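Structure file data-v9.csv (CSV, C-alpha atoms) follows.
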```
chain,number,residue,atom,x,y,z
A,9,MET,CA,0.0,0.0,0.0
A,10,LYS,CA,1.3,3.4,-0.8
A,11,ILE,CA,0.2,7.0,-0.7
A,12,VAL,CA,1.1,9.8,-3.1
A,13,PHE,CA,-0.1,13.3,-2.5
A,14,LEU,CA,0.3,16.9,-3.5
A,15,PHE,CA,3.3,19.0,-2.3
A,16,LEU,CA,2.2,22.3,-0.8
A,17,SER,CA,5.5,24.2,-1.1
A,18,PHE,CA,4.3,27.2,0.9
A,19,ILE,CA,3.3,25.0,3.8
A,20,LEU,CA,6.2,22.7,4.2
A,21,PRO,CA,8.9,21.5,1.8
A,22,THR,CA,7.5,17.9,2.0
A,23,LEU,CA,4.9,16.0,3.9
A,24,ALA,CA,5.6,12.6,5.5
A,25,GLN,CA,4.1,9.8,3.4
A,26,ASN,CA,2.3,8.0,6.2
A,27,LEU,CA,-1.3,7.5,7.0
A,28,THR,CA,-2.3,8.8,10.4
A,29,CYS,CA,-5.2,9.9,12.5
A,30,MET,CA,-6.1,12.9,14.6
A,31,TYR,CA,-5.0,12.9,18.2
A,32,GLY,CA,-6.8,10.2,20.3
A,33,TYR,CA,-7.7,8.0,17.4
A,34,ASP,CA,-6.0,4.7,16.4
A,35,LEU,CA,-5.2,3.6,12.9
A,36,VAL,CA,-7.0,0.3,12.1
A,37,MET,CA,-6.6,-0.8,8.5
A,38,ASN,CA,-7.9,2.3,6.6
A,39,LYS,CA,-10.0,3.7,9.4
A,40,CYS,CA,-9.4,6.0,12.3
A,41,LEU,CA,-11.1,4.5,15.4
A,42,ARG,CA,-11.6,5.7,19.0
A,43,TYR,CA,-13.0,3.6,21.8
A,44,TYR,CA,-15.7,5.1,24.1
A,45,GLY,CA,-16.9,3.4,27.2
A,46,SER,CA,-20.5,2.6,28.0
A,47,ASP,CA,-21.2,5.2,30.7
A,48,ASN,CA,-23.6,7.3,28.5
A,49,GLN,CA,-26.3,6.4,26.0
A,50,GLN,CA,-25.5,6.0,22.4
A,51,HIS,CA,-27.0,9.3,21.2
A,52,SER,CA,-25.1,11.4,23.7
A,53,GLU,CA,-21.8,9.7,22.8
A,54,ILE,CA,-22.3,10.0,19.1
A,55,TYR,CA,-22.7,13.8,19.4
A,56,GLU,CA,-19.0,14.1,20.4
A,57,CYS,CA,-18.0,11.8,17.6
A,58,ARG,CA,-20.0,13.9,15.1
A,59,LEU,CA,-18.2,17.1,16.2
A,60,PHE,CA,-15.1,15.8,14.3
A,61,GLY,CA,-17.0,14.6,11.2
A,62,GLY,CA,-17.2,11.0,12.5
A,63,THR,CA,-19.8,8.3,12.8
A,64,LEU,CA,-20.2,5.0,14.7
A,65,VAL,CA,-17.9,2.5,13.1
A,66,THR,CA,-19.2,1.0,9.9
A,67,ILE,CA,-18.1,-2.4,8.4
A,68,ASN,CA,-18.1,-3.0,4.7
A,69,ASN,CA,-16.5,-6.5,4.4
A,70,ALA,CA,-15.3,-9.5,6.3
A,71,ILE,CA,-11.7,-8.1,6.7
A,72,GLU,CA,-13.0,-5.0,8.4
A,73,ASN,CA,-15.3,-7.1,10.6
A,74,ARG,CA,-12.3,-9.1,11.9
A,75,ALA,CA,-10.2,-6.0,12.4
A,76,VAL,CA,-13.0,-4.2,14.4
A,77,VAL,CA,-13.6,-7.3,16.5
A,78,GLN,CA,-9.9,-7.4,17.4
A,79,TYR,CA,-9.8,-3.7,18.2
A,80,ALA,CA,-12.8,-3.9,20.5
A,81,SER,CA,-11.6,-7.1,22.1
A,82,ASP,CA,-8.3,-5.4,22.9
A,83,GLN,CA,-10.2,-2.8,24.8
A,84,GLY,CA,-11.7,-5.5,26.9
A,85,GLN,CA,-15.2,-5.1,25.5
A,86,GLU,CA,-17.6,-7.9,24.7
A,87,ARG,CA,-20.2,-6.0,22.7
A,88,ILE,CA,-20.2,-2.7,20.8
A,89,TRP,CA,-22.5,-0.5,18.8
A,90,LEU,CA,-22.2,-0.5,15.0
A,91,GLY,CA,-23.0,2.5,12.7
A,92,SER,CA,-26.0,0.7,11.1
A,93,PHE,CA,-29.7,1.2,11.5
A,94,CYS,CA,-32.4,-1.2,10.3
A,95,PHE,CA,-35.9,-0.3,9.3
A,96,GLY,CA,-37.1,-3.9,8.8
A,97,ASN,CA,-36.2,-7.6,9.4
A,98,THR,CA,-34.0,-8.0,6.3
A,99,SER,CA,-30.3,-6.9,6.0
A,100,SER,CA,-31.3,-5.0,2.9
A,101,SER,CA,-33.4,-2.7,5.1
A,102,CYS,CA,-30.2,-1.7,7.1
A,103,TYR,CA,-28.3,1.5,6.3
A,104,ASN,CA,-24.8,2.7,7.4
A,105,ASP,CA,-24.5,5.9,9.3
A,106,ASP,CA,-21.9,7.2,6.9
A,107,TYR,CA,-24.0,6.2,3.8
A,108,SER,CA,-21.2,3.7,2.8
A,109,ASP,CA,-22.0,0.5,1.0
A,110,SER,CA,-24.2,-1.6,3.3
A,111,ARG,CA,-24.5,-4.7,1.2
A,112,TYR,CA,-22.2,-6.6,3.6
A,113,SER,CA,-23.6,-7.9,6.9
A,114,ASN,CA,-22.8,-10.5,9.5
A,115,PHE,CA,-26.1,-10.9,11.3
A,116,ALA,CA,-26.7,-13.9,13.5
A,117,PRO,CA,-29.5,-16.2,12.5
A,118,GLY,CA,-32.9,-14.5,13.2
A,119,ASN,CA,-31.5,-11.0,12.9
A,120,PRO,CA,-32.1,-8.2,12.1
A,121,LEU,CA,-35.3,-8.4,14.3
A,122,VAL,CA,-37.0,-5.0,14.5
A,123,ASN,CA,-40.2,-4.8,16.7
A,124,GLY,CA,-41.7,-1.4,16.3
A,125,SER,CA,-39.1,1.1,17.5
A,126,ASP,CA,-37.1,-1.6,19.3
A,127,GLY,CA,-34.2,-3.4,17.7
A,128,SER,CA,-33.5,-0.9,15.0
A,129,CYS,CA,-29.9,-0.3,16.1
A,130,VAL,CA,-27.1,-2.9,15.6
A,131,SER,CA,-24.5,-4.3,18.0
A,132,MET,CA,-21.7,-6.7,17.5
A,133,ILE,CA,-20.4,-9.5,19.8
A,134,THR,CA,-16.6,-9.4,20.1
A,135,LYS,CA,-15.9,-12.4,22.3
A,136,GLY,CA,-17.3,-15.9,22.8
A,137,SER,CA,-19.1,-18.3,20.5
A,138,HIS,CA,-20.9,-15.5,18.6
A,139,VAL,CA,-17.7,-13.4,18.0
A,140,GLY,CA,-18.1,-11.1,15.1
A,141,ARG,CA,-21.9,-11.7,14.8
A,142,TRP,CA,-24.3,-8.8,14.6
A,143,PHE,CA,-27.5,-8.5,16.6
A,144,SER,CA,-30.5,-6.1,16.6
A,145,SER,CA,-30.5,-4.0,19.8
A,146,ASN,CA,-32.6,-1.4,21.5
A,147,CYS,CA,-31.0,2.0,20.7
A,148,ASN,CA,-31.6,3.3,24.2
A,149,HIS,CA,-29.4,0.6,25.9
A,150,ASN,CA,-26.5,2.4,27.6
A,151,PHE,CA,-24.4,-0.7,28.5
A,152,TYR,CA,-22.8,-1.2,25.1
A,153,SER,CA,-19.4,0.4,24.2
A,154,PHE,CA,-18.9,2.7,21.3
A,155,ILE,CA,-16.3,3.1,18.6
A,156,CYS,CA,-16.1,6.4,16.7
A,157,GLN,CA,-14.8,6.3,13.1
A,158,LEU,CA,-13.1,9.0,11.1
A,159,PRO,CA,-11.5,8.9,7.7
A,160,THR,CA,-7.7,8.6,7.6
A,161,THR,CA,-5.4,11.5,6.7
A,162,VAL,CA,-1.7,12.0,6.0
A,163,ASP,CA,1.0,12.5,8.6
A,164,GLY,CA,1.1,16.0,9.9
A,165,SER,CA,-2.6,16.9,9.4
A,166,LYS,CA,-2.4,20.5,10.6
A,167,TYR,CA,-0.1,23.2,9.4
A,168,LYS,CA,0.3,27.0,9.7
A,169,SER,CA,1.8,29.3,7.2
A,170,ASP,CA,1.3,33.1,6.7
A,171,GLY,CA,-1.4,33.0,9.3
A,172,LYS,CA,-3.3,30.2,7.6
A,173,TRP,CA,-4.3,26.9,9.2
A,174,PHE,CA,-4.5,23.7,7.1
A,175,GLU,CA,-6.3,20.6,8.2
A,176,ASN,CA,-6.9,17.3,6.4
A,177,PHE,CA,-10.1,15.3,6.2
A,178,ASN,CA,-10.8,12.4,3.9
A,179,ASN,CA,-8.1,13.0,1.4
A,180,SER,CA,-8.5,16.8,1.1
A,181,ALA,CA,-6.7,19.7,2.8
A,182,TYR,CA,-8.6,22.8,4.0
A,183,TYR,CA,-7.6,26.3,4.9
A,184,VAL,CA,-9.3,29.7,5.5
A,185,VAL,CA,-9.2,32.6,3.0
A,186,LYS,CA,-10.7,36.1,3.6
A,187,GLY,CA,-12.2,38.0,0.7
A,188,SER,CA,-15.0,37.8,-1.9
A,189,ILE,CA,-15.7,34.4,-3.4
A,190,ASP,CA,-13.9,35.3,-6.6
A,191,GLU,CA,-10.8,36.5,-4.7
A,192,ALA,CA,-10.9,33.4,-2.6
A,193,GLU,CA,-11.2,31.2,-5.7
A,194,ILE,CA,-8.1,32.8,-7.2
A,195,GLU,CA,-6.2,32.1,-4.0
A,196,CYS,CA,-7.4,28.5,-3.9
A,197,GLN,CA,-6.5,27.8,-7.5
A,198,LYS,CA,-2.9,28.9,-6.8
A,199,ASN,CA,-2.7,25.8,-4.7
A,200,ASN,CA,-4.6,23.5,-7.1
A,201,GLY,CA,-7.8,23.8,-5.1
A,202,HIS,CA,-11.2,25.6,-5.1
A,203,VAL,CA,-13.5,27.2,-2.6
A,204,VAL,CA,-15.0,24.3,-0.7
A,205,SER,CA,-17.6,21.9,-2.0
A,206,ILE,CA,-19.3,19.6,0.6
A,207,HIS,CA,-20.4,16.1,-0.2
A,208,SER,CA,-21.6,14.6,3.1
A,209,LYS,CA,-22.9,15.4,6.5
A,210,GLN,CA,-19.6,14.3,8.0
A,211,GLU,CA,-17.7,16.8,5.9
A,212,ASN,CA,-20.2,19.5,6.9
A,213,ASP,CA,-19.6,18.7,10.6
A,214,PHE,CA,-15.9,18.7,10.1
A,215,ILE,CA,-15.9,22.2,8.6
A,216,LEU,CA,-18.1,23.6,11.3
A,217,ASN,CA,-16.2,22.1,14.3
A,218,ARG,CA,-12.5,21.7,13.2
A,219,MET,CA,-11.9,25.0,11.3
A,220,ALA,CA,-11.4,26.6,14.7
A,221,LEU,CA,-10.2,30.0,13.4
A,222,VAL,CA,-13.5,30.8,11.7
A,223,PRO,CA,-15.6,32.8,14.2
A,224,GLU,CA,-18.5,33.6,11.8
A,225,ASN,CA,-20.4,31.9,9.0
A,226,VAL,CA,-18.4,30.2,6.3
A,227,ARG,CA,-19.0,30.8,2.7
A,228,LEU,CA,-19.1,27.8,0.4
A,229,GLY,CA,-17.9,27.4,-3.2
A,230,ALA,CA,-21.4,27.3,-4.6
A,231,LYS,CA,-23.0,29.8,-7.0
A,232,ARG,CA,-26.5,30.0,-8.4
A,233,VAL,CA,-26.7,28.9,-12.0
A,234,PHE,CA,-30.4,28.8,-12.6
A,235,ASN,CA,-33.4,29.7,-10.3
A,236,ASN,CA,-32.9,27.4,-7.3
A,237,SER,CA,-30.0,25.4,-8.8
A,238,TYR,CA,-26.4,25.8,-7.7
A,239,ALA,CA,-23.0,24.5,-8.9
A,240,TRP,CA,-19.7,23.9,-7.1
A,241,ALA,CA,-16.6,25.9,-8.2
A,242,ASP,CA,-14.6,22.6,-8.4
A,243,GLY,CA,-17.1,21.1,-10.9
A,244,THR,CA,-18.0,18.2,-8.6
A,245,LEU,CA,-21.5,16.8,-8.5
A,246,TRP,CA,-24.2,18.4,-6.4
A,247,ASP,CA,-24.7,15.1,-4.5
A,248,PHE,CA,-25.3,16.5,-1.0
A,249,ASP,CA,-27.7,19.4,-0.2
A,250,PHE,CA,-28.0,21.0,3.2
A,251,ARG,CA,-29.8,24.2,2.3
A,252,ASP,CA,-32.2,25.7,4.8
A,253,GLN,CA,-35.7,25.3,3.2
A,254,LEU,CA,-37.0,28.2,5.4
A,255,ASP,CA,-34.1,30.5,4.4
A,256,ASP,CA,-35.3,34.1,4.9
A,257,MET,CA,-32.3,35.7,3.2
A,258,PRO,CA,-33.1,37.7,0.0
A,259,GLU,CA,-33.5,35.4,-3.1
A,260,SER,CA,-31.3,37.8,-5.1
A,261,LEU,CA,-28.2,36.5,-3.3
A,262,ASP,CA,-26.3,34.0,-5.5
A,263,CYS,CA,-23.9,32.3,-3.0
A,264,LEU,CA,-24.3,30.1,0.0
A,265,GLU,CA,-22.8,30.0,3.5
A,266,ILE,CA,-22.9,27.6,6.4
A,267,PHE,CA,-25.0,29.4,9.1
A,268,THR,CA,-23.0,28.3,12.2
A,269,VAL,CA,-26.0,28.5,14.6
A,270,HIS,CA,-28.1,25.8,12.9
A,271,GLN,CA,-25.5,24.3,10.6
A,272,LEU,CA,-27.7,24.7,7.5
A,273,TRP,CA,-26.7,26.5,4.3
A,274,SER,CA,-28.2,30.0,3.7
A,275,ARG,CA,-28.1,32.4,0.8
A,276,THR,CA,-25.4,35.1,1.0
A,277,ASP,CA,-23.7,37.8,-1.0
A,278,CYS,CA,-20.8,36.7,-3.2
A,279,ASP,CA,-18.9,40.0,-3.1
A,280,THR,CA,-18.7,40.8,0.6
A,281,LYS,CA,-15.4,40.2,2.4
A,282,ALA,CA,-15.9,37.0,4.4
A,283,SER,CA,-14.4,33.7,5.5
A,284,ASN,CA,-14.1,31.2,2.7
A,285,ILE,CA,-12.5,27.8,2.9
A,286,CYS,CA,-10.1,26.4,0.2
A,287,LYS,CA,-10.3,22.7,-0.4
A,288,ILE,CA,-7.3,21.0,-2.0
A,289,PRO,CA,-7.9,17.4,-3.2
A,290,LEU,CA,-5.2,14.8,-2.3
A,291,PRO,CA,-4.7,11.8,-4.5
A,292,PRO,CA,-6.3,8.6,-3.2
A,293,ILE,CA,-4.6,5.8,-1.3
A,294,GLU,CA,-3.6,2.8,-3.4
A,295,ASP,CA,-3.4,-0.7,-1.8
A,296,ASN,CA,-1.0,-3.1,-3.6
A,297,SER,CA,-0.9,-5.8,-0.8
A,298,HIS,CA,-3.6,-8.1,-2.3
A,299,CYS,CA,-4.6,-8.7,1.3
A,300,ASN,CA,-7.1,-11.6,1.7
A,301,THR,CA,-7.1,-12.4,-2.0
A,302,THR,CA,-8.8,-15.7,-2.6
A,303,LEU,CA,-7.1,-16.4,-5.9
A,304,LEU,CA,-3.8,-14.7,-6.7
A,305,MET,CA,-2.3,-15.9,-10.0
A,306,SER,CA,1.4,-16.3,-10.4
A,307,PRO,CA,3.5,-14.3,-11.4
A,308,SER,CA,2.6,-11.6,-8.9
A,309,THR,CA,3.9,-9.5,-6.0
A,310,PHE,CA,2.2,-9.3,-2.7
A,311,THR,CA,3.0,-7.5,0.6
A,312,SER,CA,1.9,-7.2,4.2
A,313,TYR,CA,-1.1,-4.9,4.5
A,314,GLY,CA,0.1,-1.3,4.9
A,315,TYR,CA,3.6,-2.1,3.5
A,316,GLY,CA,5.5,1.2,3.3
A,317,MET,CA,3.0,2.9,5.6
A,318,GLN,CA,3.9,3.5,9.2
A,319,GLY,CA,1.5,2.0,11.7
A,320,LEU,CA,-0.9,0.5,9.2
A,321,GLN,CA,-1.2,-3.3,9.8
A,322,SER,CA,-3.8,-6.1,9.6
A,323,PRO,CA,-3.7,-9.9,9.5
A,324,CYS,CA,-3.9,-11.2,5.9
A,325,THR,CA,-4.3,-14.5,4.0
A,326,TRP,CA,-3.4,-15.1,0.3
A,327,LYS,CA,-4.3,-18.1,-1.8
A,328,ILE,CA,-1.7,-18.2,-4.5
A,329,VAL,CA,-2.0,-20.4,-7.6
A,330,ALA,CA,-0.1,-21.3,-10.7
A,331,PRO,CA,-1.4,-23.0,-13.9
A,332,GLY,CA,-1.9,-26.7,-13.6
A,333,PRO,CA,1.5,-28.2,-14.7
A,334,TYR,CA,3.6,-25.7,-12.5
A,335,GLN,CA,4.6,-25.4,-8.9
A,336,VAL,CA,4.3,-22.2,-6.9
A,337,ASN,CA,7.7,-20.7,-6.1
A,338,LEU,CA,7.7,-18.0,-3.4
A,339,GLN,CA,10.5,-15.5,-2.9
A,340,PHE,CA,10.4,-13.5,0.2
A,341,LEU,CA,12.3,-10.3,-0.8
A,342,GLU,CA,12.0,-8.3,2.5
A,343,MET,CA,11.1,-9.4,6.0
A,344,ARG,CA,11.1,-6.8,8.8
A,345,ASN,CA,10.2,-8.0,12.3
A,346,SER,CA,7.7,-10.3,10.7
A,347,SER,CA,6.9,-13.9,10.0
A,348,VAL,CA,4.5,-15.8,7.7
A,349,THR,CA,3.4,-19.4,7.4
A,350,VAL,CA,3.1,-21.2,4.0
A,351,LEU,CA,0.5,-24.0,3.7
A,352,ASP,CA,-0.2,-26.5,0.9
A,353,ALA,CA,-3.6,-27.1,-0.6
A,354,SER,CA,-4.6,-29.5,2.2
A,355,GLY,CA,-3.5,-27.0,5.0
A,356,LYS,CA,-0.3,-28.8,5.8
A,357,LEU,CA,2.6,-26.6,6.9
A,358,ILE,CA,5.3,-26.1,4.2
A,359,ALA,CA,7.4,-23.5,5.8
A,360,SER,CA,7.5,-20.8,8.6
A,361,VAL,CA,9.3,-17.8,7.2
A,362,ASN,CA,11.0,-15.0,9.1
A,363,SER,CA,13.8,-14.0,6.8
A,364,THR,CA,14.5,-13.5,3.1
A,365,VAL,CA,14.2,-17.0,1.6
A,366,LYS,CA,12.8,-19.0,-1.3
A,367,VAL,CA,10.0,-21.5,-0.8
A,368,LEU,CA,9.1,-24.0,-3.5
A,369,ALA,CA,5.8,-25.8,-3.1
A,370,GLU,CA,5.1,-29.3,-4.4
A,371,SER,CA,1.9,-28.2,-6.1
A,372,ASN,CA,0.3,-25.3,-7.9
A,373,ILE,CA,-1.7,-24.1,-4.9
A,374,VAL,CA,-0.4,-22.5,-1.6
A,375,THR,CA,-1.8,-20.4,1.2
A,376,VAL,CA,0.2,-17.7,2.9
A,377,VAL,CA,-0.8,-16.5,6.3
A,378,HIS,CA,0.5,-13.3,8.0
A,379,ASN,CA,-0.5,-12.3,11.6
A,380,GLY,CA,-0.2,-8.6,10.8
A,381,GLN,CA,2.9,-8.0,12.8
A,382,GLY,CA,5.9,-6.3,11.0
A,383,THR,CA,6.1,-6.0,7.2
A,384,PHE,CA,7.2,-8.1,4.3
A,385,LYS,CA,7.4,-8.2,0.5
A,386,ALA,CA,7.3,-11.3,-1.6
A,387,SER,CA,6.9,-12.5,-5.2
A,388,ALA,CA,5.2,-15.6,-6.6
A,389,LEU,CA,6.3,-17.4,-9.7
A,390,ALA,CA,5.1,-20.4,-11.7
A,391,PHE,CA,8.1,-22.7,-11.5
```
Transcribe the structure of this file into structure tokens.
Amino acid sequence: MKIVFLFLSFILPTLAQNLTCMYGYDLVMNKCLRYYGSDNQQHSEIYECRLFGGTLVTINNAIENRAVVQYASDQGQERIWLGSFCFGNTSSSCYNDDYSDSRYSNFAPGNPLVNGSDGSCVSMITKGSHVGRWFSSNCNHNFYSFICQLPTTVDGSKYKSDGKWFENFNNSAYYVVKGSIDEAEIECQKNNGHVVSIHSKQENDFILNRMALVPENVRLGAKRVFNNSYAWADGTLWDFDFRDQLDDMPESLDCLEIFTVHQLWSRTDCDTKASNICKIPLPPIEDNSHCNTTLLMSPSTFTSYGYGMQGLQSPCTWKIVAPGPYQVNLQFLEMRNSSVTVLDASGKLIASVNSTVKVLAESNIVTVVHNGQGTFKASALAF
């Protein structure tokens, strides 16, 4: 896994190429997680989480399910809330708090089970015979623990230069610019950005609560294009709308701002000197580990999850194959404080590896297992 991102020369000469999380959060796979105890009810705890643009932890695949189970278990907890809410007794009626893909589920038999207003929330067992299974739960129970989830960012998420503060959220950098919207847009474009566009409730919450140097309403990078239709300055889709439907500002005003009292967007003048936020997109993270691949054809290269990224680790399994008449030849090119086991098609141990070495299987199918500790890089050849 590697990350490549924009160099902002006027901020710092370079930025460290590591995924990280804001203070108090732990990096777990590609999520930033923070454990909360069970002293308060879910709704009071989630308020603090939302202040930073977070939600209850959501799970989109089996790999994440195992990682969250381990994280919660390490905190000594047996059951946690998940960021999912069900409107019926089928998994297709359940939706994630962050609007992410909710097709994956790991409900125990007989769940989800929604009875009126009871059972709409979802909890997960982290120990015992039902470990990793999801259950319907009453949302008002206050004895389950809570994990808050934020998107990852790059190392050194906050900078200051020429009086400007920069923060990162979900692969974008943000900073405040004073002036008209046109003046702000010119400033933003100097750094390959635009006046901010907003595409989720989480991003809206982040801007309101993390851009601490903004004491007043924040103008957005939106302009009216026709009647009640607006467009973002960066050309992205209008896929999230948080306008105040009872907005009493004059309809002749063509821009929008976040009204900090009620968090909704209101009409505002484009030409007044005001606080605007520049948003600079950072290139996405690319994962080359092939972690938990069920059929990886030789020749190929595979690595530990988070290879090259400080602090990013997770257990992984690879099923590596070669065409019928060939054997799988593994070459472990780098091994740093790590070990893997290599198994044949029947699950019999072929080798335990903790150094650079070659492993030749007797067949065309092998399984490689890594416990997530340390890093390694290996190649697979048809021999």
Inset, instruction - Show which residues sit within 10 Å of Asp279 in chain A, as a count of residues only. Count only C-alpha atoms, and ignore same-chain residues fewer than 3 positions away. - result: 10
Legend entry - Near-range 117-133 of chain A list (12 Å; all atoms listed in the file; drop same-chain fewer than 3 positions) as a PyMOL selection string: chain A and resi 50-51+64-67+73-74+76-78+80-81+84-105+113-114+136-155
Inset, instruction - Tell me which protein, DNA and RNA residues are within 12 Å of Asp82 in chain A, counting all atoms listed in the file, leaving out same-chain ones fewer than 6 positions away, and put them as a VMD selection string. - result: chain A and resid 43 75 to 76 134 to 135
Legend entry - CA of Ile266 in chain A to CA of Asn179 in chain A, distance in Å rounded to a single decimal: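 Those two atoms sit 21.4 Å apart.
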For range 131-160 of chain A versus range 196-217 of chain A, which residues have an atom no more than 12 Å away, and what is each residue's nearest atom pair and distance in Å rounded to one decimal, using only C-alpha atoms, chain-then-number order, as a tab-separated table?
```
residue	atom	partner	partner_atom	distance
A:Gln157	CA	A:Gln210	CA	10.6
A:Leu158	CA	A:Gln210	CA	8.9
A:Pro159	CA	A:Gln210	CA	9.7
```
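When the distance limit is 8 Å and only C-alpha atoms are what count, the residues near Lys231 in chain A, minus those fewer than 6 positions from it on the same chain, are Tyr238, Ala239, Trp240, Ala241, Asp262, Cys263 and Leu264 of chain A.
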Inset, instruction - Provide the CA of Lys39 in chain A to CA of Thr160 in chain A distance in Å, to one decimal place. - result: 5.7 Å
Legend entry - Point-to-point distance from CA of Asn38 in chain A to CA of Arg111 in chain A, Å rounded to tenths: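 Interatomic distance here is 18.8 Å.
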If I only want range 326-338 of chain A, can you write it with N, CA, C and O atoms, as a PDB file, in the first residue's frame?
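Final output, saved to part_29.pdb:
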```pdb
ATOM      1  N   TRP A 326      -3.444 -15.099   1.813  1.00  0.00           N
ATOM      2  CA  TRP A 326      -3.417 -15.122   0.348  1.00  0.00           C
ATOM      3  C   TRP A 326      -3.487 -16.571  -0.126  1.00  0.00           C
ATOM      4  O   TRP A 326      -2.755 -17.426   0.384  1.00  0.00           O
ATOM      5  N   LYS A 327      -4.339 -16.842  -1.081  1.00  0.00           N
ATOM      6  CA  LYS A 327      -4.338 -18.123  -1.764  1.00  0.00           C
ATOM      7  C   LYS A 327      -3.688 -17.900  -3.123  1.00  0.00           C
ATOM      8  O   LYS A 327      -4.247 -17.215  -3.989  1.00  0.00           O
ATOM      9  N   ILE A 328      -2.510 -18.460  -3.301  1.00  0.00           N
ATOM     10  CA  ILE A 328      -1.700 -18.194  -4.487  1.00  0.00           C
ATOM     11  C   ILE A 328      -1.660 -19.440  -5.358  1.00  0.00           C
ATOM     12  O   ILE A 328      -1.438 -20.559  -4.860  1.00  0.00           O
ATOM     13  N   VAL A 329      -1.891 -19.249  -6.648  1.00  0.00           N
ATOM     14  CA  VAL A 329      -1.976 -20.398  -7.561  1.00  0.00           C
ATOM     15  C   VAL A 329      -1.097 -20.171  -8.783  1.00  0.00           C
ATOM     16  O   VAL A 329      -0.706 -19.043  -9.094  1.00  0.00           O
ATOM     17  N   ALA A 330      -0.779 -21.284  -9.438  1.00  0.00           N
ATOM     18  CA  ALA A 330      -0.080 -21.280 -10.718  1.00  0.00           C
ATOM     19  C   ALA A 330      -0.855 -22.196 -11.662  1.00  0.00           C
ATOM     20  O   ALA A 330      -1.631 -23.053 -11.210  1.00  0.00           O
ATOM     21  N   PRO A 331      -0.693 -22.047 -12.973  1.00  0.00           N
ATOM     22  CA  PRO A 331      -1.364 -22.957 -13.904  1.00  0.00           C
ATOM     23  C   PRO A 331      -1.031 -24.412 -13.584  1.00  0.00           C
ATOM     24  O   PRO A 331       0.023 -24.730 -13.015  1.00  0.00           O
ATOM     25  N   GLY A 332      -1.929 -25.338 -13.981  1.00  0.00           N
ATOM     26  CA  GLY A 332      -1.895 -26.745 -13.600  1.00  0.00           C
ATOM     27  C   GLY A 332      -0.556 -27.445 -13.581  1.00  0.00           C
ATOM     28  O   GLY A 332      -0.216 -28.107 -12.589  1.00  0.00           O
ATOM     29  N   PRO A 333       0.285 -27.358 -14.637  1.00  0.00           N
ATOM     30  CA  PRO A 333       1.523 -28.154 -14.657  1.00  0.00           C
ATOM     31  C   PRO A 333       2.679 -27.562 -13.866  1.00  0.00           C
ATOM     32  O   PRO A 333       3.771 -28.129 -13.855  1.00  0.00           O
ATOM     33  N   TYR A 334       2.463 -26.415 -13.197  1.00  0.00           N
ATOM     34  CA  TYR A 334       3.577 -25.715 -12.546  1.00  0.00           C
ATOM     35  C   TYR A 334       3.462 -25.763 -11.023  1.00  0.00           C
ATOM     36  O   TYR A 334       2.392 -25.978 -10.460  1.00  0.00           O
ATOM     37  N   GLN A 335       4.581 -25.542 -10.377  1.00  0.00           N
ATOM     38  CA  GLN A 335       4.642 -25.387  -8.928  1.00  0.00           C
ATOM     39  C   GLN A 335       4.709 -23.901  -8.588  1.00  0.00           C
ATOM     40  O   GLN A 335       5.188 -23.083  -9.388  1.00  0.00           O
ATOM     41  N   VAL A 336       4.240 -23.553  -7.389  1.00  0.00           N
ATOM     42  CA  VAL A 336       4.347 -22.171  -6.919  1.00  0.00           C
ATOM     43  C   VAL A 336       5.698 -21.988  -6.248  1.00  0.00           C
ATOM     44  O   VAL A 336       6.056 -22.732  -5.327  1.00  0.00           O
ATOM     45  N   ASN A 337       6.432 -20.986  -6.724  1.00  0.00           N
ATOM     46  CA  ASN A 337       7.735 -20.651  -6.150  1.00  0.00           C
ATOM     47  C   ASN A 337       7.629 -19.281  -5.489  1.00  0.00           C
ATOM     48  O   ASN A 337       7.415 -18.276  -6.176  1.00  0.00           O
ATOM     49  N   LEU A 338       7.757 -19.246  -4.181  1.00  0.00           N
ATOM     50  CA  LEU A 338       7.670 -17.991  -3.438  1.00  0.00           C
ATOM     51  C   LEU A 338       9.066 -17.475  -3.113  1.00  0.00           C
ATOM     52  O   LEU A 338       9.933 -18.255  -2.686  1.00  0.00           O
TER      53      LEU A 338
END
```
